[in-house]
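Participant: One structure follows; several queries about it will come next.
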Amino acid sequence: RQEQYLALRHKPSRTRDGCDIKLYINAGLLVDLPHVKESGADGIGLFRTELQFMIASQFPRTGEQYALYKAVLEAAGDRPVTFRTLDIGGDKVLPYMHQVEEENPAMGWRAIRLGLDRPGLMRSQLRALLQAAAGRELRVMFPMISASEEFDQAREVVEREITFLRRHGKPLPDLVKLGAMVEVPSLLFQLDEILQRTDFLSVGSNDLFQFLYAVDRGNARVAGRFDTLSPSVMRALKMIADKSNAAGVPVTLCGELASKPLEALALIGLGFRQLSMTPSAIGPVKAMLLEIEAAEITELVDHHLKPEADRPLRLALREFAAERG
Ligand code: PEP
Ligand code: MG
C-alpha cells in the first residue's frame with residue numbers, strides 16, 4: 001500500500017471526470033516540513049502556529065517566530081502555505097502564560113478573541129509572518145471568527161503592521177491574502193458578509209462539529225455520539241461550499257474530516273475542491289479520488305441529503321466505495 005501511494009505522488013489529483021482536487025497537508029512544526037514533498041501535496045493548507053508556542057518554555061520572540069515561518073516557506077518552495085494566527089486558550093494552554101480559570105474554556109477567551117484583546121501578541125506574530133514572506137505571497141487566516149466584525153478588526157491589525165513595516169523601510173510580501181476559519185456556527189449565518197471581506201475561507205470541521213452538536217471534541221464519552229456525516233453537518237458544509245463557490249472565494253476544509261477517505265468522498269460530493277489533511281492521509285485520499293467521478297458522487301450525496309432518503313449517507317458511501325474496490 002505504502003508503495004502504491006508513493007507511486008501516486010506525482011500524479012495530478014484529478015477525478016475520472018476531470019475535476020481537480022487540491023490536496024494540502026496540515027502542519028505545525030519543523031519536523032512536518034519534509035512531508036510536503038514526500039506526500040506530493042499541493043502545499044500547506046493549515047499551519048498551526050500555536051504549536052511552536054506550546055512546546056516553548058516562554059513566549060517565542062518575534063525573531064524565533066520569523067525563523068520558523070521562513071523555514072516553512074522555504075520548505076514549501078512555490079507551493080502555497082496558509083498560516084493560522086495563534087489558536088491558544090481553550091485546551092491549548094501555554095504553561096508560562098497567566099490565564100484565568102474558565103468554566104468552559106472551549107467557548108472562552110481563546111484564539112482570535114485573545115488576539116484582538118491582546119494585540120501585542122498578535123502584532124508580534126504578524127510582523128514575523130510579513131517579514132518571513134517578503135517578496136512572495138503571504139496567506140494568513142484567523143481562527144474562531146464568530147462574526148464578520150472580528151475579521152474586520154483582525155484585518156486592521158494586519159494593515160497597521162504593514163504600514164509600520166513600510167515606514168521602517170522593511171521588505172514586504174508581494175501579496176497578502178487574508179482568510180477566516182469557519183468553525184463557529186454563528187458564522188454560518190453571516191457567510192454573505194464574510195465572503196465579501198475575505199480572500200479565502202477554511203472550514204475547521206473539528207470545532208464546527210463540536211459546536212454544532214454541543215459535543216466536546218476531546219470527550220470520548222460524547223464525541224462519538226453523532227455521525228460526522230449526519231445531515232446537519234453535511235447541510236452546514238454544503239451551504240459553505242455552495243456560497244463560497246458562487247462568490248468565487250476559494251474554500252478549503254482543514255479539519256479531520258478531510259483525512260478519512262470516506263469523509264473526503266462526501267466533501268467532494270458537497271462541492272469542496274480543496275482539502276487539507278494529515279500528511280499520511282494524502283496517499284489514501286488521492287487513491288480514492290482517482291477512482292471516482294465527481295458528478296456521480298455529487299448526485300449520490302444530494303440524494304442522501306433529501307429528507308426522504310431511505311438510509312444514512314455513511315452507509316451509501318460505504319457501499320459505493322466497496323463497489324469500486
Ligand atoms: C478544526 O477545528 O477543525 C481545525 C482545523 O483546527 P484545530 O483542530 O486546530 O482546532
Ligand atoms: Mg479549530
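Numbering starts fresh at 1 for the residues of each chain in the C-alpha cells, the chains themselves are lettered A, B, ... in the order given, and ligands are numbered from 1 as they appear.
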Enumerate as a list in words the residues within 8 Å of ligand 1, counting only C-alpha atoms and all ligand atoms.
Facilitator: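 Going residue by residue within 8 Å of ligand 1, we get Leu46, Arg48, Asp87, Pro143, Glu183, Val203, Gly204, Ser205, Asn206, Asp207, Leu208, Leu253, Cys254, Gly255 and Glu256 of chain A.
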Participant: Mind dumping the selected residues with C-alpha atoms as a PDB file, in the first residue's frame?
Facilitator:
ATOM      1  CA  LEU A  46      -3.180  24.783   7.662  1.00  0.00           C
ATOM      2  CA  ARG A  48      -0.895  25.687  13.264  1.00  0.00           C
ATOM      3  CA  ASP A  87      -5.130  29.495  18.377  1.00  0.00           C
ATOM      4  CA  PRO A 143      -9.195  31.052  13.999  1.00  0.00           C
ATOM      5  CA  GLU A 183     -15.630  26.774  12.786  1.00  0.00           C
ATOM      6  CA  VAL A 203     -13.551  25.173   7.391  1.00  0.00           C
ATOM      7  CA  GLY A 204     -12.396  23.805  10.746  1.00  0.00           C
ATOM      8  CA  SER A 205     -14.656  20.790  10.874  1.00  0.00           C
ATOM      9  CA  ASN A 206     -13.365  19.659  14.282  1.00  0.00           C
ATOM     10  CA  ASP A 207     -14.623  22.721  16.082  1.00  0.00           C
ATOM     11  CA  LEU A 208     -17.610  23.196  13.803  1.00  0.00           C
ATOM     12  CA  LEU A 253     -11.687  22.156   4.529  1.00  0.00           C
ATOM     13  CA  CYS A 254      -8.881  21.540   7.001  1.00  0.00           C
ATOM     14  CA  GLY A 255     -10.421  19.548   9.846  1.00  0.00           C
ATOM     15  CA  GLU A 256     -10.007  15.818  10.472  1.00  0.00           C
TER      16      GLU A 256
END
Participant: Neighbours of Leu195 in chain A within 10 Å (only C-alpha atoms; same-chain residues fewer than 2 positions away dropped), as a VMD selection string?
Facilitator: chain A and resid 148 179 to 180 190 to 193 197 to 201 240 243 to 244 247 to 250
Participant: Can you list, as an MDAnalysis selection string, every protein, DNA or RNA residue that comes within 8 Å of Tyr5 in chain A when you count only C-alpha atoms, leaving out same-chain residues fewer than 4 positions away?
Facilitator: chainID A and resid 1 9 283:284 287
Participant: Tell me which of A:Phe151, A:Glu161, A:Asp17, A:Ser146 sits closest to Phe211 in chain A, counting only C-alpha atoms.
Facilitator: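 The answer is A:Ser146, which sits nearest to Phe211 in chain A.
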Participant: Can you pull out the residues contacting Met144 in chain A? Cut-off 7 Å, using only C-alpha atoms, and skip same-chain residues under 4 positions away; I want them as number ranges by chain.
Facilitator: A: 111-112, 181, 183-184
Participant: Go ahead and write the residues just picked, C-alpha atoms, as a compact mmCIF listing (two decimals), in the first residue's frame.
Facilitator:
# COMPACT_ATOMS: atom_id res chain seq x y z
CA ALA A 111 -7.89 32.22 19.52
CA ILE A 112 -8.86 35.47 17.77
CA MET A 181 -11.80 29.93 9.58
CA GLU A 183 -15.63 26.77 12.79
CA VAL A 184 -18.13 28.65 14.94
